[in-house]
$ cat query18.txt   # compact mmCIF, C-alpha atoms
# COMPACT_ATOMS: atom_id res chain seq x y z
CA MET N 1 21.14 5.17 136.99
CA ARG N 2 21.67 4.45 133.28
CA ALA N 3 19.96 6.13 130.34
CA GLY N 4 19.22 4.31 127.11
CA ALA N 5 21.01 5.29 123.91
CA VAL N 6 17.77 6.08 122.06
CA LEU N 7 16.44 8.36 124.80
CA ARG N 8 17.43 11.71 123.29
CA SER N 9 16.45 11.08 119.68
CA ARG N 10 12.96 11.46 118.22
CA ALA N 11 11.45 11.33 114.74
CA LYS N 12 8.08 10.34 113.31
CA LEU N 13 6.51 9.90 116.80
CA ALA N 14 9.18 7.42 117.94
CA LEU N 15 12.58 7.62 119.63
CA ALA N 16 14.12 5.20 117.13
CA PRO N 17 13.20 2.41 114.71
CA ALA N 18 11.33 -0.44 116.38
CA ALA N 19 14.28 -2.84 116.13
CA GLU N 20 16.55 -0.45 118.05
CA ARG N 21 13.95 0.18 120.74
CA ALA N 22 13.27 -3.53 121.15
CA ALA N 23 16.96 -4.44 121.36
CA GLU N 24 17.66 -1.80 123.98
CA LEU N 25 14.69 -2.73 126.16
CA GLN N 26 15.48 -6.42 125.96
CA ALA N 27 19.10 -5.75 126.91
CA PHE N 28 17.96 -3.89 130.04
CA LEU N 29 15.50 -6.63 130.98
CA LEU N 30 18.18 -9.32 130.64
CA ASP N 31 20.92 -7.33 132.43
CA ASP N 32 21.48 -8.65 135.96
CA THR N 33 22.86 -5.26 137.06
CA VAL N 34 19.54 -3.51 136.30
CA ASP N 35 16.90 -3.64 139.05
CA VAL N 36 14.15 -1.39 137.64
CA VAL N 37 13.32 -0.22 134.11
CA MET N 38 11.39 3.07 134.16
CA PRO N 39 10.60 4.85 130.89
CA PRO N 40 10.57 8.67 131.08
CA TRP N 41 7.09 8.87 129.50
CA GLY N 42 4.67 6.82 127.40
CA GLY N 43 4.67 7.18 123.63
CA GLU N 44 2.58 6.18 120.65
CA PHE N 45 3.91 3.07 118.91
CA LEU N 46 5.22 0.76 121.62
CA MET N 47 3.22 -2.13 120.13
CA GLU N 48 5.73 -2.24 117.24
CA ILE N 49 8.41 -3.77 119.47
CA LEU N 50 6.30 -6.69 120.71
CA PRO N 51 6.98 -9.00 117.71
CA LEU N 52 10.70 -8.24 118.03
CA MET N 53 11.16 -9.31 121.66
CA ASP N 54 12.61 -12.74 122.47
CA TRP N 55 9.76 -13.85 124.70
CA GLU N 56 11.32 -17.23 125.48
CA LYS N 57 14.44 -15.55 126.89
CA LEU N 58 12.32 -13.08 128.85
CA ARG N 59 10.13 -15.88 130.19
CA THR N 60 13.12 -17.73 131.65
CA ALA N 61 15.12 -14.69 132.82
CA PRO N 62 15.10 -13.58 136.48
CA PRO N 63 12.18 -11.16 136.90
CA LYS N 64 12.75 -7.46 137.43
CA TRP N 65 10.50 -4.45 137.84
CA MET N 66 9.29 -2.33 134.97
CA ILE N 67 7.06 0.61 135.84
CA GLY N 68 5.15 3.27 133.89
CA TYR N 69 1.79 4.12 132.38
CA SER N 70 0.17 5.32 129.14
CA ASP N 71 1.71 3.56 126.13
CA THR N 72 4.18 1.87 128.49
CA SER N 73 1.25 -0.11 129.85
CA THR N 74 1.06 -1.88 126.47
CA PHE N 75 4.35 -3.60 127.25
CA LEU N 76 3.62 -4.09 130.96
CA PHE N 77 0.37 -5.86 130.08
CA ALA N 78 1.94 -8.07 127.40
CA TYR N 79 5.01 -8.84 129.55
CA THR N 80 2.92 -10.07 132.48
CA LEU N 81 0.64 -12.11 130.24
CA MET N 82 3.48 -13.61 128.18
CA THR N 83 5.95 -14.35 131.01
CA GLY N 84 3.94 -14.58 134.22
CA CYS N 85 6.13 -11.87 135.78
CA ALA N 86 4.61 -8.96 137.70
CA THR N 87 4.85 -5.40 136.35
CA ALA N 88 3.98 -2.07 137.98
CA HIS N 89 1.52 0.41 136.49
CA GLY N 90 2.43 3.75 138.02
CA THR N 91 4.51 6.87 137.66
CA ASN N 92 6.76 7.57 134.69
CA PHE N 93 10.25 8.87 135.41
CA ILE N 94 9.45 12.41 134.25
CA ASP N 95 6.74 12.66 136.92
CA LEU N 96 9.35 12.31 139.67
CA ARG N 97 10.64 15.87 139.13
CA ALA N 98 8.74 17.36 142.06
CA ARG N 99 10.47 17.81 145.41
CA PRO N 100 8.96 16.62 147.60
CA LEU N 101 6.77 14.07 145.87
CA ASP N 102 3.12 13.91 146.86
CA ASP N 103 2.21 11.07 149.22
CA VAL N 104 0.46 8.96 146.57
CA THR N 105 3.16 9.09 143.87
CA ALA N 106 5.92 8.50 146.43
CA ARG N 107 4.48 5.09 147.31
CA TRP N 108 5.94 3.58 144.13
CA LEU N 109 9.13 2.86 146.05
CA ASP N 110 7.21 1.06 148.80
CA VAL N 111 5.45 -1.06 146.19
CA VAL N 112 8.53 -2.17 144.25
CA GLY N 113 10.33 -2.69 147.57
CA THR N 114 7.72 -5.15 148.83
CA ARG N 115 9.06 -8.70 148.85
CA ALA N 116 7.31 -11.87 147.72
CA GLY N 117 4.70 -12.81 150.31
CA GLY N 118 4.41 -9.21 151.50
CA THR N 119 1.46 -6.84 151.55
CA VAL N 120 1.23 -3.13 150.73
CA ALA N 121 -1.81 -0.86 151.10
CA GLN N 122 -2.47 2.42 149.26
CA THR N 123 -5.27 4.90 149.85
CA SER N 124 -6.97 7.43 147.61
CA SER N 125 -5.48 10.90 147.27
CA ALA N 126 -6.92 13.97 148.96
CA MET N 127 -6.48 16.19 145.88
CA TYR N 128 -5.78 15.68 142.19
CA GLN N 129 -4.47 17.84 139.33
CA SER N 130 -7.19 19.26 137.08
CA ALA N 131 -4.85 20.50 134.31
CA TRP N 132 -1.20 20.20 133.31
CA ASP N 133 1.27 23.08 133.44
CA ILE N 134 4.51 21.70 132.02
CA THR N 135 6.42 24.79 133.14
CA LYS N 136 6.03 23.63 136.76
CA PRO N 137 8.33 20.85 138.07
CA GLY N 138 5.58 18.80 139.66
CA PHE N 139 1.86 18.35 140.02
CA ILE N 140 -0.59 21.12 140.89
CA LEU N 141 -3.03 19.25 143.12
CA ASP N 142 -5.96 21.65 143.11
CA THR N 143 -9.18 19.61 143.07
CA PRO N 144 -10.67 17.37 145.78
CA THR N 145 -10.55 13.66 144.96
CA SER N 146 -13.75 11.64 145.15
CA TRP N 147 -13.81 8.01 144.10
CA ARG N 148 -17.23 7.11 142.67
CA THR N 149 -18.80 3.67 143.04
CA ILE N 150 -21.38 1.46 141.36
CA ALA N 151 -22.79 -1.57 143.19
CA PRO N 152 -22.71 -5.05 141.62
CA GLY N 153 -25.29 -5.10 138.87
CA GLY N 154 -25.57 -1.30 138.88
CA GLY N 155 -28.54 0.93 139.64
CA SER N 156 -28.61 0.70 143.43
CA GLY N 157 -28.17 4.28 144.57
CA GLU N 158 -25.39 6.83 144.45
CA ASP N 159 -21.86 5.84 145.51
CA PRO N 160 -22.62 2.79 147.69
CA ALA N 161 -19.85 1.16 149.72
CA VAL N 162 -18.25 -1.66 147.73
CA SER N 163 -15.54 -4.25 148.32
CA PHE N 164 -14.04 -6.86 146.01
CA GLY N 165 -10.81 -8.70 145.31
CA GLY N 166 -8.90 -10.56 142.62
CA ARG N 167 -5.71 -10.59 140.58
CA LEU N 168 -4.89 -7.21 139.08
CA ILE N 169 -4.51 -6.76 135.34
CA GLY N 170 -4.94 -3.65 133.21
CA GLY N 171 -3.53 -0.41 131.87
CA CYS N 172 -4.44 2.25 129.31
CA LEU N 173 -7.69 1.28 127.59
CA GLU N 174 -6.91 2.55 124.10
CA THR N 175 -3.45 0.95 123.95
CA LEU N 176 -4.44 -2.40 125.46
CA THR N 177 -7.31 -2.88 123.05
CA THR N 178 -4.91 -2.58 120.09
CA LEU N 179 -3.61 -6.00 121.20
CA ILE N 180 -6.95 -7.79 120.83
CA GLY N 181 -6.55 -10.57 118.27
CA THR N 182 -2.73 -10.57 118.48
CA PRO N 183 -0.47 -13.19 120.12
CA TYR N 184 0.57 -10.64 122.77
CA ALA N 185 -2.64 -10.62 124.81
CA PRO N 186 -3.37 -14.18 125.98
CA VAL N 187 -5.87 -12.93 128.55
CA PRO N 188 -7.96 -16.15 128.76
CA THR N 189 -4.78 -18.14 129.47
CA PHE N 190 -3.78 -15.70 132.23
CA ILE N 191 -7.24 -15.95 133.79
CA ARG N 192 -7.12 -19.76 133.67
CA ASP N 193 -3.53 -20.27 134.84
CA TYR N 194 -3.05 -17.51 137.40
CA CYS N 195 -6.43 -16.35 138.68
CA GLY N 196 -8.31 -19.56 139.47
CA GLU N 197 -11.04 -19.07 142.04
CA GLU N 198 -9.68 -15.62 142.97
CA GLY N 199 -10.80 -14.02 139.71
CA THR N 200 -9.51 -10.75 138.28
CA VAL N 201 -9.73 -7.09 139.17
CA TRP N 202 -9.32 -4.98 136.06
CA PHE N 203 -7.87 -1.48 136.29
CA LEU N 204 -8.24 0.83 133.30
CA GLU N 205 -7.83 4.47 132.36
CA SER N 206 -8.15 6.44 129.16
CA SER N 207 -6.73 9.51 127.45
CA GLN N 208 -8.23 11.54 124.59
CA ARG N 209 -11.29 9.28 124.36
CA ASN N 210 -14.92 10.34 124.54
CA ALA N 211 -17.68 8.33 126.19
CA GLY N 212 -18.61 6.60 122.94
CA ASP N 213 -15.01 5.52 122.29
CA ILE N 214 -14.71 4.14 125.81
CA HIS N 215 -18.00 2.26 125.55
CA ARG N 216 -16.99 0.63 122.25
CA GLN N 217 -13.65 -0.51 123.63
CA LEU N 218 -15.16 -1.91 126.83
CA TRP N 219 -17.70 -3.78 124.69
CA GLN N 220 -14.88 -5.22 122.59
CA MET N 221 -13.06 -6.43 125.71
CA LYS N 222 -16.24 -8.04 127.02
CA GLU N 223 -17.01 -9.81 123.75
CA CYS N 224 -13.45 -11.19 123.58
CA GLY N 225 -13.85 -12.80 126.99
CA TRP N 226 -11.44 -10.50 128.78
CA PHE N 227 -13.90 -9.91 131.62
CA GLU N 228 -14.50 -13.61 132.31
CA ASN N 229 -14.21 -14.29 136.06
CA CYS N 230 -13.92 -10.54 136.72
CA ARG N 231 -14.69 -9.57 140.31
CA GLY N 232 -14.57 -5.80 139.93
CA LEU N 233 -13.30 -2.86 137.89
CA LEU N 234 -11.21 0.18 138.84
CA TYR N 235 -11.40 3.03 136.31
CA GLY N 236 -9.16 6.09 136.52
CA ARG N 237 -9.99 9.74 136.00
CA PRO N 238 -10.16 10.10 132.19
CA ALA N 239 -7.94 12.68 130.50
CA GLY N 240 -9.10 14.60 127.43
CA TYR N 241 -12.57 13.17 127.94
CA SER N 242 -15.99 14.39 126.84
CA PRO N 243 -19.50 12.91 126.95
CA VAL N 244 -21.37 12.28 123.70
CA GLN N 245 -24.74 14.03 123.79
CA ASP N 246 -26.50 12.61 126.87
CA PHE N 247 -24.20 9.56 127.19
CA GLY N 248 -21.31 9.71 129.65
CA LEU N 249 -18.65 7.50 131.19
CA ALA N 250 -20.89 6.68 134.15
CA ASP N 251 -23.56 5.40 131.76
CA SER N 252 -21.10 3.02 130.13
CA LEU N 253 -19.76 1.75 133.44
CA GLU N 254 -23.26 1.35 134.87
CA GLN N 255 -24.20 -0.79 131.88
CA LEU N 256 -21.04 -2.90 132.21
CA ALA N 257 -21.65 -3.42 135.94
CA GLY N 258 -25.15 -4.61 135.12
CA GLU N 259 -24.05 -7.00 132.38
CA LEU N 260 -21.20 -8.53 134.39
CA GLY N 261 -22.78 -8.31 137.84
CA ILE N 262 -19.67 -6.64 139.27
CA PRO N 263 -18.92 -3.55 141.37
CA VAL N 264 -17.14 -0.62 139.72
CA VAL N 265 -15.01 2.15 141.19
CA TYR N 266 -14.33 5.12 138.92
CA GLU N 267 -12.66 8.53 139.14
CA ALA N 268 -9.89 6.55 140.88
CA ASP N 269 -6.22 7.56 141.16
CA ILE N 270 -5.03 5.77 138.02
CA GLY N 271 -3.42 7.09 134.85
CA HIS N 272 -3.09 10.41 133.06
CA VAL N 273 -4.74 12.64 135.70
CA PRO N 274 -2.29 12.59 138.64
CA PRO N 275 -1.53 11.52 141.23
CA GLN N 276 -1.82 7.81 140.72
CA LEU N 277 -1.50 4.62 142.69
CA THR N 278 1.10 2.02 141.78
CA LEU N 279 -0.86 -1.10 140.77
CA VAL N 280 0.91 -4.40 140.13
CA ASN N 281 -0.21 -6.63 137.29
CA GLY N 282 -0.52 -10.12 138.77
CA ALA N 283 -0.79 -9.13 142.43
CA PHE N 284 -3.89 -10.02 144.45
CA ALA N 285 -5.78 -6.84 145.33
CA ALA N 286 -8.45 -6.26 147.96
CA VAL N 287 -10.40 -3.10 147.12
CA THR N 288 -12.73 -1.15 149.39
CA ALA N 289 -14.39 2.14 148.47
CA GLY N 290 -17.21 4.37 149.61
CA GLY N 291 -17.91 7.93 150.64
CA GLY N 292 -15.45 9.23 148.06
CA ARG N 293 -12.49 7.38 149.53
CA GLY N 294 -10.85 4.07 148.75
CA THR N 295 -8.09 1.62 149.61
CA VAL N 296 -6.27 -0.95 147.50
CA THR N 297 -4.31 -3.57 149.45
CA MET N 298 -2.02 -5.74 147.34
CA SER N 299 -0.59 -9.10 148.36
CA PHE N 300 2.43 -10.50 146.53
CA ASN N 301 1.72 -14.21 146.70

$ encode --input "query18.txt" --output "structure tokens"
Amino acid sequence: MRAGAVLRSRAKLALAPAAERAAELQAFLLDDTVDVVMPPWGGEFLMEILPLMDWEKLRTAPPKWMIGYSDTSTFLFAYTLMTGCATAHGTNFIDLRARPLDDVTARWLDVVGTRAGGTVAQTSSAMYQSAWDITKPGFILDTPTSWRTIAPGGGSGEDPAVSFGGRLIGGCLETLTTLIGTPYAPVPTFIRDYCGEEGTVWFLESSQRNAGDIHRQLWQMKECGWFENCRGLLYGRPAGYSPVQDFGLADSLEQLAGELGIPVVYEADIGHVPPQLTLVNGAFAAVTAGGGRGTVTMSFN
């Protein structure tokens, strides 16, 4: 294992100036002796490095895994869209402190160890962590997990059984939407070139956003064409969330399901409220959910 030179410095909400961060990450991604790049945590300003990456070199380099979530998903999303290489949305390195790891988090190794043409299935957790205690070296899984569902078109009863499939793409809602209108989010091109008749399955999660914030950002994605050919949506348990008056997350997702005619699964094991599945941008996913439980089966083809 090798640690980056900028890892132990921090000032003004960043580990180092953008040029240093970009150079170090690019060096790891182009180094044939590196198999996996795993940031210790997310951050705030990852988007600053995107204009500084040599995307042509990265596009032609042998692919390698990069895994993480939160602000890291900004790069994962852009990297997959810009290069056509898969990336893994899942645990950060700091979350691997617990011994033993819970069954859901531990599956990250199975996912990145799956070869081209292979298949890997993950199921919903039994319990999730309701609050962080950073003095403990691991998660405190204290609350029963229950995946919620909305039928295609919405408004058809509480938590119906749903199933859908498509190419996975997604990440942290508030960081991905900062890329709208930039060269680093060619979503329509990805949908056209890689998804074809299969369509997409979006996975999203949010942190420190209320229901109104989430609704505005989902609307922006829809109006930019990001949900074209979408076959379904997975939405993680939101962290730092609150409703706005009588409007909640479920209201926003119900409306989106109705407008797009798609099924939605929410309160899923994705993002800032652990544990979380490892979801691969670019993989084909078959999703089934109902009765509070769910399964995501990914095929690497």

$ atom_distance --input "query18.txt" --atom1 "atom CA of Thr145 of chain N" --atom2 "atom CA of Gly90 of chain N"
17.7 Å

$ residues_around --input "query18.txt" --residues "Met66 of chain N" --least-positions-apart "5" --cutoff "6 Å" --atoms "all atoms listed in the file" --output "PyMOL selection string"
chain N and resi 36-38+87

$ residues_around --input "query18.txt" --residues "Gly240 of chain N" --least-positions-apart "2" --cutoff "9 Å" --atoms "all atoms listed in the file" --output "list in words"
Ser206, Ser207, Gln208, Arg209, Asn210, Pro238 and Ser242 of chain N

$ residues_near_point --input "query18.txt" --point "(-6.8, -10.3, 121.6)" --cutoff "12 Å" --atoms "all atoms listed in the file" --output "tab-separated table (two decimals) with C-alpha atoms, keeping the file's coordinate frame"
chain	number	residue	atom	x	y	z
N	77	PHE	CA	0.37	-5.86	130.08
N	78	ALA	CA	1.94	-8.07	127.40
N	81	LEU	CA	0.64	-12.11	130.24
N	175	THR	CA	-3.45	0.95	123.95
N	176	LEU	CA	-4.44	-2.40	125.46
N	177	THR	CA	-7.31	-2.88	123.05
N	178	THR	CA	-4.91	-2.58	120.09
N	179	LEU	CA	-3.61	-6.00	121.20
N	180	ILE	CA	-6.95	-7.79	120.83
N	181	GLY	CA	-6.55	-10.57	118.27
N	182	THR	CA	-2.73	-10.57	118.48
N	183	PRO	CA	-0.47	-13.19	120.12
N	184	TYR	CA	0.57	-10.64	122.77
N	185	ALA	CA	-2.64	-10.62	124.81
N	186	PRO	CA	-3.37	-14.18	125.98
N	187	VAL	CA	-5.87	-12.93	128.55
N	188	PRO	CA	-7.96	-16.15	128.76
N	189	THR	CA	-4.78	-18.14	129.47
N	220	GLN	CA	-14.88	-5.22	122.59
N	221	MET	CA	-13.06	-6.43	125.71
N	222	LYS	CA	-16.24	-8.04	127.02
N	223	GLU	CA	-17.01	-9.81	123.75
N	224	CYS	CA	-13.45	-11.19	123.58
N	225	GLY	CA	-13.85	-12.80	126.99
N	226	TRP	CA	-11.44	-10.50	128.78

$ closest_residue --input "query18.txt" --among "N:Lys136, N:His272, N:His89, N:Arg107" --to "Gly68 of chain N" --atoms "all atoms listed in the file"
N:His89

$ closest_residue --input "query18.txt" --among "N:Met127, N:Leu249, N:Ala268, N:Leu218" --to "Asp103 of chain N" --atoms "all atoms listed in the file"
N:Met127

$ closest_residue --input "query18.txt" --among "N:Gln129, N:Asn229, N:Gln217, N:Ser163" --to "Thr143 of chain N" --atoms "only C-alpha atoms"
N:Gln129

$ closest_residue --input "query18.txt" --among "N:Trp55, N:Phe45, N:Trp65, N:Phe93" --to "Phe28 of chain N" --atoms "all atoms listed in the file"
N:Trp65

$ residues_around --input "query18.txt" --residues "Ser252 of chain N" --least-positions-apart "3" --cutoff "8 Å" --atoms "all atoms listed in the file" --output "JSON, numbers by chain"
{"N": [211, 214, 215, 247, 248, 249, 255, 256]}

$ residues_around --input "query18.txt" --residues "segment 48-51 of chain N" --least-positions-apart "6" --cutoff "8 Å" --atoms "only C-alpha atoms" --output "short mmCIF file (atom, residue, chain, number, x, y, z; two decimals) with C-alpha atoms, in the coordinates of the input"
data_model
loop_
_atom_site.label_atom_id
_atom_site.label_comp_id
_atom_site.auth_asym_id
_atom_site.auth_seq_id
_atom_site.Cartn_x
_atom_site.Cartn_y
_atom_site.Cartn_z
CA ALA N 18 11.33 -0.44 116.38
CA ALA N 19 14.28 -2.84 116.13
CA ARG N 21 13.95 0.18 120.74
CA ALA N 22 13.27 -3.53 121.15
CA PHE N 75 4.35 -3.60 127.25
CA TYR N 184 0.57 -10.64 122.77
#

$ residues_around --input "query18.txt" --residues "segment 115-125 of chain N" --least-positions-apart "5" --cutoff "6 Å" --atoms "all atoms listed in the file" --output "MDAnalysis selection string"
chainID N and resid 293:301

$ atom_distance --input "query18.txt" --atom1 "atom CA of Thr114 of chain N" --atom2 "atom CA of Ala86 of chain N"
12.2 Å

$ closest_residue --input "query18.txt" --among "N:Gly170, N:Gly232, N:Gly42, N:Gly261" --to "Phe203 of chain N" --atoms "all atoms listed in the file"
N:Gly170

$ closest_residue --input "query18.txt" --among "N:Glu20, N:Asp110, N:Asp193, N:Asp142" --to "Met82 of chain N" --atoms "only C-alpha atoms"
N:Asp193

$ atom_distance --input "query18.txt" --atom1 "atom CA of Asn281 of chain N" --atom2 "atom CA of Leu233 of chain N"
13.6 Å
